[in-house]
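Here is my_file_9.txt, consisting of compact mmCIF, C-alpha atoms and all ligand atoms:
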# COMPACT_ATOMS: atom_id res chain seq x y z
CA MET A 1 2.57 7.68 -28.89
CA ASN A 2 0.62 8.13 -25.67
CA LYS A 3 -2.54 6.26 -26.58
CA LYS A 4 -4.37 7.29 -23.42
CA ILE A 5 -4.09 11.03 -24.03
CA TYR A 6 -5.13 10.61 -27.62
CA ASN A 7 -8.03 8.16 -27.18
CA ASN A 8 -10.67 10.86 -27.17
CA LEU A 9 -9.20 12.39 -30.29
CA PHE A 10 -8.63 9.10 -32.10
CA SER A 11 -12.29 8.08 -31.85
CA ARG A 12 -13.18 11.28 -33.74
CA ILE A 13 -10.85 10.38 -36.63
CA ALA A 14 -11.86 8.31 -39.66
CA VAL A 15 -8.99 6.70 -41.56
CA ILE A 16 -9.50 5.99 -45.26
CA LEU A 17 -7.10 3.39 -46.66
CA LEU A 18 -7.17 3.38 -50.45
CA ALA A 19 -6.74 0.01 -52.13
CA ALA A 20 -9.18 0.20 -55.05
CA GLY A 21 -6.82 1.23 -57.85
CA LYS A 22 -6.19 -0.66 -61.07
CA SER A 23 -2.37 -0.62 -60.94
CA SER A 24 -2.13 0.17 -64.65
CA ARG A 25 1.49 1.35 -64.40
CA PHE A 26 2.57 -1.62 -62.28
CA SER A 27 2.86 -4.54 -64.64
CA ASN A 28 2.50 -5.53 -68.24
CA LYS A 29 1.92 -9.13 -67.17
CA GLY A 30 -1.86 -8.94 -66.89
CA ASN A 31 -4.09 -7.91 -64.01
CA VAL A 32 -1.71 -8.01 -61.06
CA LEU A 33 -2.99 -5.46 -58.56
CA LYS A 34 0.01 -4.06 -56.74
CA GLN A 35 -1.88 -3.53 -53.46
CA PHE A 36 -2.62 -7.29 -53.22
CA THR A 37 0.83 -8.44 -54.33
CA GLU A 38 2.85 -10.29 -51.68
CA LEU A 39 5.81 -8.32 -50.39
CA GLU A 40 8.03 -10.49 -48.18
CA GLY A 41 5.13 -12.63 -46.95
CA LYS A 42 2.43 -10.00 -46.63
CA GLN A 43 0.18 -8.29 -49.18
CA ILE A 44 1.14 -4.66 -49.76
CA TYR A 45 -2.18 -3.15 -48.60
CA ARG A 46 -1.89 -5.06 -45.32
CA TYR A 47 1.20 -3.12 -44.18
CA SER A 48 -0.89 0.06 -43.93
CA LEU A 49 -3.92 -1.75 -42.51
CA ASP A 50 -1.87 -3.43 -39.76
CA PHE A 51 -0.17 -0.12 -38.96
CA PHE A 52 -3.40 1.85 -38.49
CA ALA A 53 -5.33 -1.02 -36.85
CA ARG A 54 -2.93 -0.90 -33.90
CA TYR A 55 -4.79 2.25 -32.83
CA THR A 56 -8.07 0.62 -31.92
CA ASP A 57 -9.99 3.89 -31.48
CA PHE A 58 -9.61 4.85 -35.13
CA ASN A 59 -12.58 4.19 -37.40
CA ILE A 60 -10.88 2.58 -40.40
CA PHE A 61 -12.40 2.39 -43.88
CA LEU A 62 -10.57 0.13 -46.33
CA VAL A 63 -11.57 0.86 -49.92
CA ILE A 64 -11.20 -2.13 -52.26
CA PRO A 65 -12.12 -2.84 -55.89
CA ALA A 66 -15.74 -3.81 -56.62
CA ASN A 67 -14.94 -7.43 -57.51
CA TYR A 68 -12.92 -8.04 -54.34
CA GLN A 69 -15.72 -8.08 -51.71
CA ASN A 70 -14.89 -11.56 -50.45
CA PHE A 71 -11.15 -11.24 -50.34
CA LEU A 72 -10.88 -10.65 -46.59
CA HIS A 73 -12.60 -13.96 -45.81
CA LYS A 74 -9.29 -15.64 -46.49
CA GLU A 75 -7.47 -13.34 -44.10
CA LYS A 76 -6.37 -14.59 -40.69
CA SER A 77 -7.31 -11.56 -38.67
CA ILE A 78 -9.72 -8.77 -39.48
CA PRO A 79 -9.42 -5.74 -37.19
CA LYS A 80 -12.58 -4.93 -35.20
CA ASN A 81 -12.44 -1.24 -36.07
CA LEU A 82 -12.56 -1.91 -39.83
CA THR A 83 -15.29 -1.23 -42.40
CA ILE A 84 -14.72 -2.42 -45.96
CA ILE A 85 -16.26 -0.54 -48.84
CA GLU A 86 -16.14 -0.65 -52.63
CA GLY A 87 -14.15 1.98 -54.46
CA GLY A 88 -14.87 3.82 -57.69
CA ASP A 89 -13.26 4.26 -61.10
CA THR A 90 -10.87 7.00 -59.97
CA ARG A 91 -9.01 7.75 -56.76
CA ASN A 92 -11.26 10.75 -56.19
CA GLU A 93 -14.39 8.59 -56.56
CA SER A 94 -12.96 6.04 -54.13
CA VAL A 95 -12.41 8.76 -51.53
CA TYR A 96 -15.89 10.18 -52.13
CA LYS A 97 -17.49 6.75 -51.59
CA ALA A 98 -15.58 6.39 -48.34
CA LEU A 99 -16.72 9.84 -47.20
CA LEU A 100 -20.35 8.89 -47.88
CA ALA A 101 -19.90 5.70 -45.84
CA ILE A 102 -18.33 7.62 -42.96
CA LYS A 103 -21.13 10.17 -42.99
CA LYS A 104 -23.71 7.36 -42.92
CA LEU A 105 -22.10 5.30 -40.15
CA HIS A 106 -20.64 7.89 -37.78
CA LYS A 107 -22.02 11.09 -36.34
CA ASN A 108 -19.01 12.10 -34.26
CA ILE A 109 -16.21 12.26 -36.84
CA ASP A 110 -14.29 15.55 -36.86
CA TYR A 111 -11.16 14.56 -38.77
CA CYS A 112 -10.15 12.30 -41.63
CA ILE A 113 -6.78 10.74 -42.46
CA ILE A 114 -6.30 9.41 -45.99
CA HIS A 115 -3.49 7.03 -46.92
CA ASP A 116 -2.53 5.22 -50.13
CA THR A 117 -2.02 1.56 -49.27
CA ALA A 118 0.42 1.55 -52.19
CA ARG A 119 2.78 3.24 -49.67
CA PRO A 120 3.57 0.32 -47.35
CA PHE A 121 6.22 1.97 -45.18
CA ILE A 122 4.33 4.41 -42.99
CA GLU A 123 6.05 5.00 -39.65
CA THR A 124 4.87 6.05 -36.19
CA LYS A 125 6.73 9.37 -36.22
CA ILE A 126 4.82 10.43 -39.34
CA LEU A 127 1.45 9.57 -37.82
CA GLU A 128 2.54 11.43 -34.66
CA SER A 129 3.27 14.60 -36.66
CA ILE A 130 -0.12 14.34 -38.37
CA ILE A 131 -1.94 13.83 -35.07
CA SER A 132 -0.15 16.66 -33.30
CA ASN A 133 -1.22 19.10 -36.07
CA ILE A 134 -4.68 17.74 -36.89
CA GLU A 135 -6.61 20.08 -34.59
CA ASN A 136 -4.73 23.16 -35.82
CA TYR A 137 -4.67 22.79 -39.61
CA PRO A 138 -7.66 21.93 -41.84
CA SER A 139 -5.41 20.31 -44.47
CA ILE A 140 -2.13 18.49 -43.82
CA THR A 141 0.13 16.37 -45.99
CA ALA A 142 3.34 14.43 -45.64
CA GLY A 143 5.91 15.81 -48.07
CA ILE A 144 9.63 15.77 -48.79
CA ASN A 145 12.09 18.06 -50.50
CA VAL A 146 13.29 17.35 -54.00
CA ASN A 147 16.91 16.45 -54.73
CA ASP A 148 16.99 16.83 -58.51
CA SER A 149 16.65 20.04 -60.52
CA ILE A 150 13.08 20.69 -61.59
CA GLY A 151 12.02 21.74 -65.07
CA TYR A 152 8.53 22.43 -66.32
CA GLY A 153 7.63 21.82 -69.96
CA LYS A 154 6.03 19.48 -72.46
CA ASP A 155 6.92 17.39 -75.53
CA ASN A 156 10.44 16.89 -74.15
CA ILE A 157 11.26 20.60 -74.06
CA ILE A 158 11.76 22.46 -70.78
CA GLU A 159 9.98 25.81 -70.81
CA LYS A 160 10.99 27.03 -67.39
CA TYR A 161 12.97 26.03 -64.32
CA ILE A 162 11.41 25.90 -60.89
CA ASP A 163 13.31 26.81 -57.75
CA ARG A 164 14.00 23.46 -56.14
CA ASP A 165 14.19 24.93 -52.65
CA ASN A 166 10.50 25.83 -52.85
CA THR A 167 9.18 22.52 -54.12
CA TYR A 168 7.88 19.44 -52.35
CA LEU A 169 6.97 15.94 -53.35
CA ILE A 170 3.55 15.31 -51.91
CA GLN A 171 2.95 11.97 -50.22
CA THR A 172 0.30 10.45 -47.98
CA PRO A 173 -0.87 10.28 -45.21
CA GLN A 174 -2.90 13.45 -45.47
CA ALA A 175 -5.33 14.73 -42.86
CA PHE A 176 -8.34 17.02 -42.98
CA ASN A 177 -11.07 18.63 -41.03
CA PHE A 178 -13.85 16.21 -42.00
CA ASN A 179 -16.51 18.79 -42.90
CA ILE A 180 -14.15 20.82 -45.06
CA LEU A 181 -13.06 17.70 -46.94
CA TYR A 182 -16.64 16.51 -47.32
CA ASP A 183 -17.81 19.93 -48.58
CA SER A 184 -14.93 20.09 -51.06
CA TYR A 185 -15.98 16.70 -52.42
CA LEU A 186 -19.62 17.79 -52.75
CA GLU A 187 -18.41 20.68 -54.92
CA PHE A 188 -16.20 18.31 -56.91
CA ILE A 189 -19.11 15.92 -57.54
CA SER A 190 -21.51 18.76 -58.44
CA GLU A 191 -19.06 19.85 -61.16
CA ASN A 192 -19.32 16.38 -62.69
CA LYS A 193 -15.78 15.39 -61.72
CA LYS A 194 -14.12 17.35 -64.50
CA ILE A 195 -10.67 17.52 -62.93
CA ASN A 196 -8.52 14.57 -61.83
CA PHE A 197 -6.88 15.41 -58.50
CA THR A 198 -4.04 13.00 -57.72
CA ASP A 199 -4.20 13.77 -54.00
CA ASP A 200 -6.73 15.37 -51.66
CA THR A 201 -4.86 18.47 -50.48
CA SER A 202 -4.94 19.69 -54.12
CA LEU A 203 -8.70 19.08 -54.26
CA VAL A 204 -9.28 21.01 -51.03
CA PHE A 205 -6.93 23.76 -52.25
CA HIS A 206 -8.91 24.04 -55.51
CA TYR A 207 -12.36 24.31 -53.92
CA LYS A 208 -11.60 25.99 -50.58
CA ASN A 209 -8.33 27.78 -51.25
CA ILE A 210 -6.84 26.16 -48.15
CA LYS A 211 -3.05 25.85 -48.18
CA PRO A 212 -1.94 22.55 -46.69
CA LYS A 213 0.51 22.28 -43.83
CA ILE A 214 3.44 20.05 -44.77
CA ILE A 215 4.84 17.66 -42.20
CA ASP A 216 8.05 15.73 -42.84
CA GLY A 217 7.41 12.65 -44.92
CA SER A 218 10.21 10.29 -45.80
CA LYS A 219 11.94 8.79 -48.77
CA ILE A 220 10.77 5.31 -47.78
CA LEU A 221 7.18 6.52 -47.81
CA PHE A 222 7.39 6.24 -51.60
CA LYS A 223 4.42 4.89 -53.56
CA VAL A 224 4.77 1.53 -55.27
CA THR A 225 3.80 2.57 -58.78
CA THR A 226 5.95 0.52 -61.17
CA TYR A 227 7.48 -2.93 -60.80
CA GLU A 228 10.87 -1.33 -60.08
CA ASP A 229 9.29 0.33 -57.02
CA PHE A 230 8.19 -3.13 -55.86
CA LEU A 231 11.75 -4.44 -56.15
CA TYR A 232 12.91 -1.38 -54.21
CA ALA A 233 10.29 -2.13 -51.51
CA LYS A 234 11.73 -5.65 -51.16
CA PHE A 235 15.17 -4.19 -50.80
CA ILE A 236 13.97 -1.73 -48.11
CA ILE A 237 12.56 -4.59 -46.02
CA LYS A 238 15.71 -6.65 -46.30
CA GLU A 239 18.33 -3.94 -45.94
CA PHE A 240 16.67 -1.03 -44.11
CA TYR A 241 14.42 -2.97 -41.73
CA LYS A 242 16.57 -6.13 -41.71
CA GLY A 243 13.47 -8.19 -42.45
CA ASN A 244 11.54 -6.93 -39.41
CA TYR A 245 9.11 -4.41 -40.80
CA GLY A 246 5.47 -5.03 -39.96
CA ASN A 247 5.88 -8.52 -38.51
N1 LIG B 1 -6.87 4.14 -55.70
C1 LIG B 1 -8.16 3.81 -55.31
N2 LIG B 1 -9.18 3.84 -56.22
C2 LIG B 1 -8.94 4.18 -57.50
C3 LIG B 1 -7.64 4.55 -57.92
C4 LIG B 1 -6.60 4.52 -56.98
O1 LIG B 1 -8.39 3.47 -54.15
N3 LIG B 1 -9.96 4.14 -58.37
C5 LIG B 1 -5.77 4.03 -54.73
C6 LIG B 1 -4.70 3.00 -55.14
O2 LIG B 1 -5.10 1.68 -54.76
C7 LIG B 1 -3.47 3.50 -54.43
C8 LIG B 1 -3.70 5.01 -54.30
O3 LIG B 1 -5.07 5.25 -54.63
O4 LIG B 1 -3.34 2.96 -53.11
C9 LIG B 1 -2.75 5.80 -55.20
O5 LIG B 1 -3.06 5.54 -56.55
P1 LIG B 1 -2.06 5.01 -57.67
O6 LIG B 1 -0.70 4.83 -57.15
O7 LIG B 1 -2.28 5.85 -58.88
O8 LIG B 1 -2.62 3.52 -57.89
P2 LIG B 1 -3.41 2.99 -59.15
O9 LIG B 1 -4.43 4.00 -59.57
O10 LIG B 1 -3.87 1.62 -58.80
O11 LIG B 1 -2.23 2.88 -60.22
P3 LIG B 1 -2.25 3.41 -61.73
O12 LIG B 1 -2.51 4.90 -61.66
O13 LIG B 1 -0.89 3.06 -62.25
O14 LIG B 1 -3.36 2.66 -62.43
MG MG B 2 -3.83 5.94 -60.32

Hey, can you dump this file as structure tokens for me?
Amino acid sequence: MNKKIYNNLFSRIAVILLAAGKSSRFSNKGNVLKQFTELEGKQIYRYSLDFFARYTDFNIFLVIPANYQNFLHKEKSIPKNLTIIEGGDTRNESVYKALLAIKKLHKNIDYCIIHDTARPFIETKILESIISNIENYPSITAGINVNDSIGYGKDNIIEKYIDRDNTYLIQTPQAFNFNILYDSYLEFISENKKINFTDDTSLVFHYKNIKPKIIDGSKILFKVTTYEDFLYAKFIIKEFYKGNYGN
């Protein structure tokens, strides 16, 4: 990516890296937080942090759990463009807290990129697609097509089938016009957080009726959710990246 051309744009982008979740689906072995679990010599959250920190004009906000304030003291290198903040009880609350921090610290932010640090394998070409669309679309998400048939139903009975060709799996990173995202969150908070949105394009769609632009995500952009996903992540580093990812 041509950093020089983009410098002016990058300094107007805030990047929210989410690492404040409770990992309840990850392990039954106690309180292992997946984002701080070592994956081939590096904690999972750090893959995303190192990736985004390479672009020194970004304003990066890492959102961590409330009882983790001191955890970075042990880290070897803390990027200069990083602000660490405490998250909330839900993903939506963690994003909202980050938005408040951005609003307080920066006057010149026009765009916001949000990424789950539970997705360690973000690649340059995906960030490039986001950046090249960020000025033209108020809401953008990485997404991929679905390979299996899709049924909709409940209690183990399918009630209808959904045309697979018109479905997407929604990933992160996602990107937004900052004011639209912020306004959507103010509406969300004023409604007393009744709905749980599992990503931010769905929240912006709900409050602003804005249809997100989908850019090509990737299968390896998967989210580490269960322990099997963690084993798969290990395999990806060894076999797909031949041990060289993020070193
Ligand atoms: N996240 C967050 N704050 C929360 C909840 C989630 O910052 N209160 C972050 C997670 O750290 C993760 C991303 O949002 O990077 C996606 O969430 P998910 O995969 O659901 O992680 P957890 O909520 O930690 O997992 P679980 O739902 O199994 O408890
Ligand atoms: Mg969750």

Point to revise | Selection as a PyMOL selection string: residues within 10 Å of ligand MG 2 (chain B) by all atoms listed in the file | key: chain A and resi 20-25+89-92+196+198+225

Convert the current residue selection to file output with C-alpha atoms, as a CSV table (one decimal), keeping the file's coordinate frame.
chain,number,residue,atom,x,y,z
A,20,ALA,CA,-9.2,0.2,-55.0
A,21,GLY,CA,-6.8,1.2,-57.8
A,22,LYS,CA,-6.2,-0.7,-61.1
A,23,SER,CA,-2.4,-0.6,-60.9
A,24,SER,CA,-2.1,0.2,-64.6
A,25,ARG,CA,1.5,1.4,-64.4
A,89,ASP,CA,-13.3,4.3,-61.1
A,90,THR,CA,-10.9,7.0,-60.0
A,91,ARG,CA,-9.0,7.8,-56.8
A,92,ASN,CA,-11.3,10.8,-56.2
A,196,ASN,CA,-8.5,14.6,-61.8
A,198,THR,CA,-4.0,13.0,-57.7
A,225,THR,CA,3.8,2.6,-58.8

As a PDB file with C-alpha atoms, in the frame of the given file, please: every protein or nucleic acid residue near ligand LIG 1 (chain B) (cut-off 9 Å, counting all atoms listed in the file).
ATOM      1  CA  LEU A  17      -7.100   3.390 -46.660  1.00  0.00           C
ATOM      2  CA  LEU A  18      -7.170   3.380 -50.450  1.00  0.00           C
ATOM      3  CA  ALA A  19      -6.740   0.010 -52.130  1.00  0.00           C
ATOM      4  CA  ALA A  20      -9.180   0.200 -55.050  1.00  0.00           C
ATOM      5  CA  GLY A  21      -6.820   1.230 -57.850  1.00  0.00           C
ATOM      6  CA  LYS A  22      -6.190  -0.660 -61.070  1.00  0.00           C
ATOM      7  CA  SER A  23      -2.370  -0.620 -60.940  1.00  0.00           C
ATOM      8  CA  SER A  24      -2.130   0.170 -64.650  1.00  0.00           C
ATOM      9  CA  ARG A  25       1.490   1.350 -64.400  1.00  0.00           C
ATOM     10  CA  PHE A  26       2.570  -1.620 -62.280  1.00  0.00           C
ATOM     11  CA  SER A  27       2.860  -4.540 -64.640  1.00  0.00           C
ATOM     12  CA  LEU A  33      -2.990  -5.460 -58.560  1.00  0.00           C
ATOM     13  CA  LYS A  34       0.010  -4.060 -56.740  1.00  0.00           C
ATOM     14  CA  GLN A  35      -1.880  -3.530 -53.460  1.00  0.00           C
ATOM     15  CA  TYR A  45      -2.180  -3.150 -48.600  1.00  0.00           C
ATOM     16  CA  LEU A  62     -10.570   0.130 -46.330  1.00  0.00           C
ATOM     17  CA  VAL A  63     -11.570   0.860 -49.920  1.00  0.00           C
ATOM     18  CA  ILE A  64     -11.200  -2.130 -52.260  1.00  0.00           C
ATOM     19  CA  PRO A  65     -12.120  -2.840 -55.890  1.00  0.00           C
ATOM     20  CA  GLU A  86     -16.140  -0.650 -52.630  1.00  0.00           C
ATOM     21  CA  GLY A  87     -14.150   1.980 -54.460  1.00  0.00           C
ATOM     22  CA  GLY A  88     -14.870   3.820 -57.690  1.00  0.00           C
ATOM     23  CA  ASP A  89     -13.260   4.260 -61.100  1.00  0.00           C
ATOM     24  CA  THR A  90     -10.870   7.000 -59.970  1.00  0.00           C
ATOM     25  CA  ARG A  91      -9.010   7.750 -56.760  1.00  0.00           C
ATOM     26  CA  ASN A  92     -11.260  10.750 -56.190  1.00  0.00           C
ATOM     27  CA  GLU A  93     -14.390   8.590 -56.560  1.00  0.00           C
ATOM     28  CA  SER A  94     -12.960   6.040 -54.130  1.00  0.00           C
ATOM     29  CA  VAL A  95     -12.410   8.760 -51.530  1.00  0.00           C
ATOM     30  CA  HIS A 115      -3.490   7.030 -46.920  1.00  0.00           C
ATOM     31  CA  ASP A 116      -2.530   5.220 -50.130  1.00  0.00           C
ATOM     32  CA  THR A 117      -2.020   1.560 -49.270  1.00  0.00           C
ATOM     33  CA  ALA A 118       0.420   1.550 -52.190  1.00  0.00           C
ATOM     34  CA  ARG A 119       2.780   3.240 -49.670  1.00  0.00           C
ATOM     35  CA  THR A 198      -4.040  13.000 -57.720  1.00  0.00           C
ATOM     36  CA  ASP A 199      -4.200  13.770 -54.000  1.00  0.00           C
ATOM     37  CA  LYS A 223       4.420   4.890 -53.560  1.00  0.00           C
ATOM     38  CA  VAL A 224       4.770   1.530 -55.270  1.00  0.00           C
ATOM     39  CA  THR A 225       3.800   2.570 -58.780  1.00  0.00           C
ATOM     40  CA  THR A 226       5.950   0.520 -61.170  1.00  0.00           C
TER      41      THR A 226
END

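With all atoms listed in the file as the atoms that count, the minimum distance from Lys97 of chain A to the choices A:Ala66, A:Ile140, A:Ile157, A:Ala233 is reached by A:Ala66.
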
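Nearest to Lys234 of chain A of all the residues A:Ser129, A:Thr37, A:Asn8, A:Ser202 is A:Thr37, based on all atoms listed in the file.
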
Exercise for review: Could you check which of A:Asp110, A:Ser77, A:Tyr47, A:Gly41 is closest to Ser11 of chain A, using all atoms listed in the file?
Suggested key: A:Asp110

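Of the listed residues (A:Glu123, A:Glu159, A:Glu128, A:Asp148), A:Glu123 comes nearest to Ser218 of chain A; the distances count all atoms listed in the file.
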
Would you save segment 46-60 of chain A from the block above with N, CA, C and O atoms, as a PDB file, in the first residue's frame?
ATOM      1  N   ARG A  46      -2.452  -9.785  19.653  1.00  0.00           N
ATOM      2  CA  ARG A  46      -1.271  -9.049  19.199  1.00  0.00           C
ATOM      3  C   ARG A  46      -1.066  -9.159  17.672  1.00  0.00           C
ATOM      4  O   ARG A  46      -0.403  -8.318  17.068  1.00  0.00           O
ATOM      5  N   TYR A  47      -1.625 -10.192  17.073  1.00  0.00           N
ATOM      6  CA  TYR A  47      -1.525 -10.317  15.610  1.00  0.00           C
ATOM      7  C   TYR A  47      -2.204  -9.116  14.953  1.00  0.00           C
ATOM      8  O   TYR A  47      -1.655  -8.483  14.050  1.00  0.00           O
ATOM      9  N   SER A  48      -3.414  -8.786  15.421  1.00  0.00           N
ATOM     10  CA  SER A  48      -4.144  -7.648  14.847  1.00  0.00           C
ATOM     11  C   SER A  48      -3.472  -6.335  15.227  1.00  0.00           C
ATOM     12  O   SER A  48      -3.356  -5.429  14.394  1.00  0.00           O
ATOM     13  N   LEU A  49      -3.026  -6.237  16.484  1.00  0.00           N
ATOM     14  CA  LEU A  49      -2.384  -4.987  16.917  1.00  0.00           C
ATOM     15  C   LEU A  49      -1.120  -4.721  16.093  1.00  0.00           C
ATOM     16  O   LEU A  49      -0.921  -3.610  15.585  1.00  0.00           O
ATOM     17  N   ASP A  50      -0.287  -5.725  15.926  1.00  0.00           N
ATOM     18  CA  ASP A  50       0.954  -5.545  15.149  1.00  0.00           C
ATOM     19  C   ASP A  50       0.638  -5.201  13.695  1.00  0.00           C
ATOM     20  O   ASP A  50       1.324  -4.377  13.079  1.00  0.00           O
ATOM     21  N   PHE A  51      -0.408  -5.811  13.162  1.00  0.00           N
ATOM     22  CA  PHE A  51      -0.786  -5.534  11.772  1.00  0.00           C
ATOM     23  C   PHE A  51      -1.167  -4.060  11.599  1.00  0.00           C
ATOM     24  O   PHE A  51      -0.638  -3.367  10.727  1.00  0.00           O
ATOM     25  N   PHE A  52      -2.068  -3.564  12.435  1.00  0.00           N
ATOM     26  CA  PHE A  52      -2.539  -2.185  12.269  1.00  0.00           C
ATOM     27  C   PHE A  52      -1.481  -1.163  12.693  1.00  0.00           C
ATOM     28  O   PHE A  52      -1.426  -0.060  12.139  1.00  0.00           O
ATOM     29  N   ALA A  53      -0.650  -1.510  13.674  1.00  0.00           N
ATOM     30  CA  ALA A  53       0.351  -0.558  14.184  1.00  0.00           C
ATOM     31  C   ALA A  53       1.429  -0.237  13.153  1.00  0.00           C
ATOM     32  O   ALA A  53       2.137   0.764  13.264  1.00  0.00           O
ATOM     33  N   ARG A  54       1.536  -1.082  12.118  1.00  0.00           N
ATOM     34  CA  ARG A  54       2.505  -0.789  11.050  1.00  0.00           C
ATOM     35  C   ARG A  54       2.162   0.525  10.344  1.00  0.00           C
ATOM     36  O   ARG A  54       3.021   1.168   9.760  1.00  0.00           O
ATOM     37  N   TYR A  55       0.886   0.890  10.361  1.00  0.00           N
ATOM     38  CA  TYR A  55       0.449   2.133   9.720  1.00  0.00           C
ATOM     39  C   TYR A  55       0.420   3.203  10.814  1.00  0.00           C
ATOM     40  O   TYR A  55      -0.545   3.332  11.560  1.00  0.00           O
ATOM     41  N   THR A  56       1.509   3.942  10.916  1.00  0.00           N
ATOM     42  CA  THR A  56       1.716   4.774  12.108  1.00  0.00           C
ATOM     43  C   THR A  56       0.797   5.996  12.152  1.00  0.00           C
ATOM     44  O   THR A  56       0.726   6.664  13.170  1.00  0.00           O
ATOM     45  N   ASP A  57       0.104   6.302  11.063  1.00  0.00           N
ATOM     46  CA  ASP A  57      -0.833   7.429  11.097  1.00  0.00           C
ATOM     47  C   ASP A  57      -2.215   7.062  11.614  1.00  0.00           C
ATOM     48  O   ASP A  57      -3.025   7.941  11.893  1.00  0.00           O
ATOM     49  N   PHE A  58      -2.496   5.784  11.732  1.00  0.00           N
ATOM     50  CA  PHE A  58      -3.773   5.383  12.330  1.00  0.00           C
ATOM     51  C   PHE A  58      -3.803   5.802  13.795  1.00  0.00           C
ATOM     52  O   PHE A  58      -2.770   5.797  14.480  1.00  0.00           O
ATOM     53  N   ASN A  59      -4.988   6.121  14.295  1.00  0.00           N
ATOM     54  CA  ASN A  59      -5.180   6.295  15.744  1.00  0.00           C
ATOM     55  C   ASN A  59      -5.833   5.016  16.243  1.00  0.00           C
ATOM     56  O   ASN A  59      -7.003   4.765  15.942  1.00  0.00           O
ATOM     57  N   ILE A  60      -5.058   4.198  16.969  1.00  0.00           N
ATOM     58  CA  ILE A  60      -5.541   2.864  17.337  1.00  0.00           C
ATOM     59  C   ILE A  60      -6.054   2.839  18.775  1.00  0.00           C
ATOM     60  O   ILE A  60      -5.391   3.345  19.694  1.00  0.00           O
TER      61      ILE A  60
END
